[in-house]
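The structure appears below as structure tokens.
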Amino acid sequence: MATKRKVAKKRSKPARRRSASPKVAARHAVSVATSPRYSVRERTAAAAETPLAVCESDKDMQAMLAVLRNTDEPVKVRLAALQSLQAASFSVLAFEACRGDYIATLRKVADDPDPELRQRVLGLLAREKDGYAQRKLLEGLHDPAKALLPPEKALQLLSYDVHADAYAAARAIVKKPPNEMARREALRLLAADATAAPMFEKLMRDKNELREIRQISASALSALKPERLQKSAREILLDKSDYDDIKATSLTALTQLGDEQALAKDKALLTSVNRFRSGKTSAKYKQTARRFLDKYDRQE
Amino acid sequence: MDVELQVNNSAAADARFLTWAPSPCRIRVTNPSGVTGPTVDVRIASVSAASGGELVFRLATTGAFASSLTVSVPINGTSVPFFAAGRFGRPSVANGDVRIEARMGTTLVGSLPVMVRIRKNANTLTTAERDRFVAAFARLNNQGLGRFADFRNMHTNVSSPQAHGAAGFLPWHRAYLLDLERELQAIDPGVALPYWRFDRPAPNLFQLEFLGVADALGTVQFSNANPLQFWRTDGVQGINRRPLFNTGSAPPGLRSEAQTLALGTQYRLFRTMEGNPHGSAHTSFGGSISSIGTAAKDPLFFLLHCNVDRLWAKWQRQNGRFDPALAASYDGAANPIGHNLPDSMWPWNGVTGNPRPPTAPGGALAASACVSAPGPQPVVRSQLDFQGVVSAASRMGFDYDDVAF
């Protein structure tokens with residue numbers, strides 16, 4: 001009798017693991033992000049996966065808030081938790097139930113020892129037009145010993161909800177700037193103040209001013225007093241001794257926003273712009289002249 | 001002999017824009033001199049400028065496209081329909097850089113400049129495309145006094161439940177982008193909204209000549225030649241945006257395109273991308289774009305969302321999810337108002353008062369000379385079939401450079 005040959009059974013492949021659904025993966029990520037058993041690197045990487053879980057589970061949400069509040073946690077992990085909570089906040093409906101706790105935690109962290117956390121949290125609160133944050137920022141501008149952020153950052157954040165108190169603080173800083181950046185931010189904030197138009201006109205025309213300040217002033221004037229911007233821009237373009245960068249800003253302003261009828265008839269200005277275009281300036285600036293002439297110089 | 005060519009069934013210049021999806025066209029004889037017989041054979045083809053768009057044609061509503069088409073046109077002026085589309089992978093770079101030409105034998109009898117107008121990767125725009133887009137956007141803003149104020153006011157904390165956290169997140173933002181894009185096209189018809197592909201480095205985007213370079217404080221700087229230097233929202237000048245990553249690289253921690261597309265073949269799984277990569281892209285910055293209530297103050301918001309929409313479009317193409325009647329195309333679970341398929345969408349519906357927001361800025365959704373969809377008061381359902389796959393009438397007149405028809 002022939003021996004039956006044994007035929008090796010084919011081994012079945014191991015059952016393929018189903019990859020976790022996004023929800024399950026997110027819940028697991030929360031457990032990693034909030035556990036000190038994992039490394040900082042593992043926790044920050046996991047935090048990026050958590051927004052979904054944080055939205056849908058109050059327990060997960062509270063766990064992430066606890067990490068954010070805890071000054072004993074590594075700053076990187078706390079920042080990652082903050083970013084995750086922020087991302088979750090974009091899923092508004094699901095986040096709504098926990099928004100109160102979120103804002104309360106942000107306020108607690110507003111005077112955190114870590115400057116980056118303070119800045120990020122105060123930024124979030126300022127964008128929510130949070131009165132607590134606004135008071136803290138203004139307090140710091142009036143009394144540097146209480147400042148939670150540098151004055152330039154405080155001014156930038158106050159610009160999210162400009163009102164009279166912020167204008168007063170900004171004017172004081174323009175008068176006596178602690179540094180150039182603070183002066184710049186104060187001017188940006190004042191660009192919403194209609195009474196500041198004469199100041200901006202003066203700054204725009206001042207050849208001794210920094211390029212950036214003149215640019216901010218041109219922009220402010222374009223909104224506050226467009227006819228004054230047109231006048232100042234024209235004078236700058238006619239002035240052979242003024243700088244190319246402010247001429248380029250002036251040309252850009254006039255091309256975008258100028259009085260078309262008046263500019264098309266202004267022969268002196270057109271001649272001056274033609275000279276600028278053919279002169280020794282950068283290709284980029286020459287292009288601003290070309291765009292202006294394409295629009296206004298019908299004779300060309 | 002002369003012929004008249006129409007694109008999108010219109011002789012108007014502002015209808016001469018095509019995408020990858022076929023546009024209905026017409027040809028008719030306007031001057032039959034030199035022709036005998038009741039009909040004449042006319043060959044229709046496209047001629048492109050260097051680096052310009054390219055077209056393909058077909059006679060019927062279905063079937064293969066070809067580089068040229070021969071149609072038999074009555075000399076009595078009756079028009080003959082045909083279809084034209086952009087050849088996938090060959091979008092225009094400027095308005096009119098491709099022409100539809102009609103020839104009788106070797107004689108040119110009709111010619112029409114058109115544009116294959118496609119939403120592109122912002123990082124790879126030509127200088128001219130970039131500058132046109134930036135100029136149009138700055139004009140829409142008009143130092144805070146322009147129509148852009150309405151778009152800013154459509155995306156606030158108060159209105160956010162209309163657009164976030166439920167199934168309608170993607171359709172709402174699709175309509176929002178389309179409305180804005182059409183307003184930009186009213187300023188410069190050659191402009192299409194570009195996208196920020198946030199899972200890849202986009203160093204060209206964060207330049208002084210484009211969306212600006214943030215200083216250490218997060219104040220965005222622009223070149224003196226960039227009209228965005230005059231950007232203003234809520235009465236306040238400038239843009240606050242502080243990248244929390246090196247803008248020469250992609251932000252860390254975001255789901256890649258492949259990971260996003262692999263979230264699932266059901267819409268209810270795919271839409272979890274609202275958290276990551278969408279929310280994570282927003283929060284890769286400090287500044288306006290990182291909070292819902294202020295995000296739309298930053299022009300980058302619209303390029304970010306254009307990529308979110310592109311991902312949805314790609315997912316739809318990959319999985320055949322254009323038909324709202326297909327359960328997998330949408331999340332049919334009970335949704336809040338504004339998120340169900342038959343729901344009209346705020347603010348275009350003009351409805352105010354609880355459960356809708358107290359005001360409805362902006363009015364009806366902008367019209368297009370090229371297409372009739374989605375209409376002035378779109379419903380959620382209308383946002384799915386953007387290419388007119390299920391019904392040609394649903395085509396909305398936009399396409400992405402890497403999502404074919």
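Scheme for the structure tokens: letters A, B, ... for chains in order shown; per-chain residue numbers from 1; ligand numbers from 1 in order shown.
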List the spatial neighbours of Arg242 (chain B) as JSON, numbers by chain - criterion: any atom at most 6 Å away, only C-alpha atoms, same-chain residues fewer than 2 positions off excluded. {"B": [218, 285, 286, 287]}
What's the 8 Å shell around region 240-244 of chain A, counting only C-alpha atoms, without same-chain residues fewer than 3 positions away, as a ChimeraX atom specification? /A:207,236-237,247-248,281,285
Check the DSSP output for the backbone and give back, as a ChimeraX atom specification, the residues of region 15-251 of chain B in alpha helix (DSSP H). /B:127-141,148-153,169-187
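Nearest-residue note for chain A: choosing from B:Gln185, B:Ser391, B:Thr124, B:Ser280, the minimum distance belongs to B:Ser280, counting only C-alpha atoms.
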Would you kindly return, as a PyMOL selection string, each protein, DNA or RNA residue with an atom no farther than 12 Å from any atom of Ile187 (chain B), considering only C-alpha atoms and excluding same-chain residues fewer than 4 positions away? (chain A and resi 256) or (chain B and resi 14+132-142+146-147+180-183+191-192)
Using only C-alpha atoms, which residues sit within 10 Å of Val158 (chain B) once same-chain residues fewer than 4 positions away are excluded, as a PDB file with C-alpha atoms, in the first residue's frame?
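Output contents, as saved in selection.pdb:
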```pdb
ATOM      1  CA  ASN B 153     -17.792  88.216   9.640  1.00  0.00           C
ATOM      2  CA  MET B 154     -19.111  84.900   8.390  1.00  0.00           C
ATOM      3  CA  GLN B 162     -23.116  76.580  11.576  1.00  0.00           C
ATOM      4  CA  ILE B 292     -11.972  80.057  15.296  1.00  0.00           C
ATOM      5  CA  GLY B 293     -13.255  83.542  16.035  1.00  0.00           C
ATOM      6  CA  ARG B 356     -29.199  80.548  13.509  1.00  0.00           C
ATOM      7  CA  PRO B 357     -26.859  83.449  14.349  1.00  0.00           C
ATOM      8  CA  PRO B 358     -28.311  86.918  14.975  1.00  0.00           C
ATOM      9  CA  THR B 359     -27.037  88.380  11.692  1.00  0.00           C
TER      10      THR B 359
END
```
Tell me which protein, DNA and RNA residues are within 12 Å of Ala102 (chain B), counting only C-alpha atoms, leaving out same-chain ones fewer than 2 positions away, and put them as an NGL selection string. :B and (1-6 or 26-29 or 40-47 or 68-73 or 99-100 or 104-113)
Write the residues of the selection above to a file with N, CA and C atoms, as a compact mmCIF listing (two decimals), in the first residue's frame.
```
# COMPACT_ATOMS: atom_id res chain seq x y z
N MET B 1 -16.04 81.92 -44.64
CA MET B 1 -17.04 81.47 -43.65
C MET B 1 -16.55 81.83 -42.25
N ASP B 2 -17.48 82.15 -41.38
CA ASP B 2 -17.13 82.41 -39.97
C ASP B 2 -18.07 81.61 -39.07
N VAL B 3 -17.54 81.27 -37.94
CA VAL B 3 -18.37 80.58 -36.94
C VAL B 3 -18.27 81.35 -35.63
N GLU B 4 -19.27 81.12 -34.79
CA GLU B 4 -19.23 81.63 -33.42
C GLU B 4 -19.09 80.43 -32.49
N LEU B 5 -18.19 80.57 -31.54
CA LEU B 5 -17.99 79.54 -30.52
C LEU B 5 -18.50 80.07 -29.19
N GLN B 6 -19.17 79.23 -28.47
CA GLN B 6 -19.63 79.61 -27.13
C GLN B 6 -19.13 78.57 -26.14
N ARG B 26 -20.95 75.43 -27.74
CA ARG B 26 -21.74 75.46 -28.97
C ARG B 26 -20.92 76.07 -30.09
N ILE B 27 -21.25 75.63 -31.30
CA ILE B 27 -20.66 76.23 -32.48
C ILE B 27 -21.78 76.46 -33.48
N ARG B 28 -21.74 77.60 -34.14
CA ARG B 28 -22.71 77.85 -35.21
C ARG B 28 -22.07 78.72 -36.27
N VAL B 29 -22.58 78.57 -37.47
CA VAL B 29 -22.09 79.37 -38.59
C VAL B 29 -22.76 80.73 -38.52
N VAL B 40 -21.48 71.97 -43.00
CA VAL B 40 -20.04 72.06 -43.26
C VAL B 40 -19.31 71.36 -42.11
N ASP B 41 -18.27 70.63 -42.48
CA ASP B 41 -17.48 69.95 -41.44
C ASP B 41 -16.44 70.92 -40.88
N VAL B 42 -16.46 71.05 -39.57
CA VAL B 42 -15.53 71.95 -38.90
C VAL B 42 -14.74 71.15 -37.86
N ARG B 43 -13.47 71.34 -37.87
CA ARG B 43 -12.60 70.66 -36.90
C ARG B 43 -12.30 71.62 -35.75
N ILE B 44 -12.58 71.12 -34.56
CA ILE B 44 -12.36 71.94 -33.35
C ILE B 44 -11.17 71.36 -32.60
N ALA B 45 -10.24 72.23 -32.27
CA ALA B 45 -9.05 71.81 -31.52
C ALA B 45 -8.60 72.97 -30.65
N SER B 46 -7.59 72.73 -29.83
CA SER B 46 -7.07 73.84 -29.01
C SER B 46 -5.65 74.14 -29.41
N VAL B 47 -5.27 75.37 -29.22
CA VAL B 47 -3.91 75.82 -29.47
C VAL B 47 -3.44 76.53 -28.22
N SER B 68 -9.09 66.67 -30.57
CA SER B 68 -9.84 67.46 -31.53
C SER B 68 -11.15 66.73 -31.85
N LEU B 69 -11.99 67.45 -32.50
CA LEU B 69 -13.34 66.95 -32.76
C LEU B 69 -13.77 67.51 -34.11
N THR B 70 -14.41 66.71 -34.93
CA THR B 70 -14.97 67.23 -36.17
C THR B 70 -16.49 67.19 -36.05
N VAL B 71 -17.10 68.35 -36.24
CA VAL B 71 -18.55 68.43 -36.15
C VAL B 71 -19.13 68.90 -37.47
N SER B 72 -20.32 68.42 -37.72
CA SER B 72 -21.03 68.83 -38.93
C SER B 72 -21.99 69.94 -38.53
N VAL B 73 -21.74 71.14 -39.05
CA VAL B 73 -22.48 72.33 -38.58
C VAL B 73 -23.40 72.83 -39.70
N ARG B 99 -6.49 78.63 -26.81
CA ARG B 99 -7.58 79.06 -27.68
C ARG B 99 -8.30 77.83 -28.21
N ILE B 100 -9.60 77.95 -28.34
CA ILE B 100 -10.36 76.96 -29.10
C ILE B 100 -10.36 77.47 -30.53
N MET B 104 -12.09 75.01 -41.10
CA MET B 104 -12.73 74.32 -42.22
C MET B 104 -11.59 73.97 -43.15
N GLY B 105 -11.25 72.76 -43.16
CA GLY B 105 -10.03 72.38 -43.87
C GLY B 105 -8.85 72.97 -43.13
N THR B 106 -8.07 73.78 -43.81
CA THR B 106 -6.95 74.43 -43.14
C THR B 106 -7.28 75.89 -42.80
N THR B 107 -8.46 76.31 -43.18
CA THR B 107 -8.82 77.72 -42.96
C THR B 107 -9.41 77.92 -41.58
N LEU B 108 -8.84 78.89 -40.90
CA LEU B 108 -9.36 79.22 -39.56
C LEU B 108 -10.67 79.98 -39.73
N VAL B 109 -11.72 79.47 -39.14
CA VAL B 109 -13.02 80.13 -39.28
C VAL B 109 -13.56 80.65 -37.96
N GLY B 110 -12.90 80.31 -36.88
CA GLY B 110 -13.36 80.81 -35.58
C GLY B 110 -12.31 80.53 -34.53
N SER B 111 -12.21 81.43 -33.56
CA SER B 111 -11.19 81.26 -32.53
C SER B 111 -11.65 81.95 -31.27
N LEU B 112 -11.38 81.33 -30.13
CA LEU B 112 -11.84 81.91 -28.87
C LEU B 112 -10.78 81.68 -27.80
N PRO B 113 -10.29 82.74 -27.16
CA PRO B 113 -9.34 82.54 -26.06
C PRO B 113 -10.10 82.13 -24.81
```
Excluding region 35-49 of chain A and residues on its chain fewer than 2 positions from it, collect all residues at most 9 Å away from it, counting only C-alpha atoms, and give them as a PyMOL selection string. (chain A and resi 22+25-33+51-53+64+73-74+76-81+83-84+87) or (chain B and resi 252-255+275-276+280)
Those selected residues, please, written with C-alpha atoms and delivered as an mmCIF file, in the first residue's frame.
```
data_model
loop_
_atom_site.group_PDB
_atom_site.id
_atom_site.type_symbol
_atom_site.label_atom_id
_atom_site.label_comp_id
_atom_site.auth_asym_id
_atom_site.auth_seq_id
_atom_site.Cartn_x
_atom_site.Cartn_y
_atom_site.Cartn_z
ATOM 1 C CA PRO A 22 -10.049 57.107 14.590
ATOM 2 C CA ALA A 25 -6.872 55.657 18.300
ATOM 3 C CA ALA A 26 -7.622 59.087 19.713
ATOM 4 C CA ARG A 27 -8.646 57.657 23.125
ATOM 5 C CA HIS A 28 -5.405 55.699 23.265
ATOM 6 C CA ALA A 29 -3.462 58.814 22.305
ATOM 7 C CA VAL A 30 -4.984 60.687 25.240
ATOM 8 C CA SER A 31 -3.869 57.987 27.619
ATOM 9 C CA VAL A 32 -0.306 58.290 26.304
ATOM 10 C CA ALA A 33 -0.297 62.089 26.228
ATOM 11 C CA PRO A 51 -8.417 66.379 19.415
ATOM 12 C CA LEU A 52 -11.219 63.968 18.532
ATOM 13 C CA ALA A 53 -11.186 62.193 21.909
ATOM 14 C CA MET A 64 -5.679 67.175 29.058
ATOM 15 C CA GLU A 73 4.723 68.568 33.914
ATOM 16 C CA PRO A 74 7.428 69.205 31.276
ATOM 17 C CA LYS A 76 6.827 70.682 26.023
ATOM 18 C CA VAL A 77 4.107 68.304 27.107
ATOM 19 C CA ARG A 78 2.000 71.174 28.442
ATOM 20 C CA LEU A 79 2.416 73.068 25.178
ATOM 21 C CA ALA A 80 1.416 69.977 23.227
ATOM 22 C CA ALA A 81 -1.653 69.590 25.437
ATOM 23 C CA GLN A 83 -2.212 72.767 21.049
ATOM 24 C CA SER A 84 -4.361 69.673 21.177
ATOM 25 C CA ALA A 87 -7.324 71.962 17.736
ATOM 26 C CA PRO B 252 4.939 68.661 12.602
ATOM 27 C CA GLY B 253 2.184 66.440 13.936
ATOM 28 C CA LEU B 254 -0.234 66.851 11.040
ATOM 29 C CA ARG B 255 -1.775 63.827 9.386
ATOM 30 C CA GLY B 275 -9.483 67.618 14.236
ATOM 31 C CA ASN B 276 -6.297 66.526 12.528
ATOM 32 C CA SER B 280 -3.805 70.904 13.859
#
```
Can you list, as a PDB file with N, CA and C atoms, in the first residue's frame, every protein, DNA or RNA residue that comes within 12 Å of Gly100 (chain A) when you count only C-alpha atoms, leaving out same-chain residues fewer than 6 positions away?
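part_1.pdb, freshly written:
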```pdb
ATOM      1  N   MET A  61     -11.017  65.187  28.162  1.00  0.00           N
ATOM      2  CA  MET A  61     -10.853  66.639  28.168  1.00  0.00           C
ATOM      3  C   MET A  61     -10.245  67.089  29.482  1.00  0.00           C
ATOM      4  N   GLN A  62     -10.805  66.603  30.572  1.00  0.00           N
ATOM      5  CA  GLN A  62     -10.311  67.022  31.891  1.00  0.00           C
ATOM      6  C   GLN A  62      -8.876  66.556  32.107  1.00  0.00           C
ATOM      7  N   LEU A  65      -6.691  69.024  30.278  1.00  0.00           N
ATOM      8  CA  LEU A  65      -6.654  70.298  31.003  1.00  0.00           C
ATOM      9  C   LEU A  65      -5.752  70.184  32.226  1.00  0.00           C
ATOM     10  N   SER A  89     -10.908  72.648  19.923  1.00  0.00           N
ATOM     11  CA  SER A  89     -11.877  73.746  20.019  1.00  0.00           C
ATOM     12  C   SER A  89     -12.451  74.129  18.659  1.00  0.00           C
ATOM     13  N   LEU A 106      -7.242  78.270  31.016  1.00  0.00           N
ATOM     14  CA  LEU A 106      -6.367  79.236  30.339  1.00  0.00           C
ATOM     15  C   LEU A 106      -6.068  80.420  31.265  1.00  0.00           C
ATOM     16  N   ARG A 107      -7.077  80.875  31.970  1.00  0.00           N
ATOM     17  CA  ARG A 107      -6.863  82.009  32.884  1.00  0.00           C
ATOM     18  C   ARG A 107      -5.885  81.636  33.987  1.00  0.00           C
TER      19      ARG A 107
END
```
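CA of Tyr167 (chain A) sits 28.6 Å away from CA of Pro113 (chain A).
Coordinates place CA of Ala296 (chain B) at a distance of 21.9 Å from CA of Tyr400 (chain B).
Between His339 (chain B) and the residues B:Pro201, B:Gly165, B:Pro24, B:Pro32, the shortest atom-to-atom distance, using only C-alpha atoms, involves B:Gly165.
Compared by their closest atoms to chain A, and using only C-alpha atoms, the residues B:Ala281, B:Leu170, B:Leu208, B:Leu18 rank with B:Ala281 nearest.
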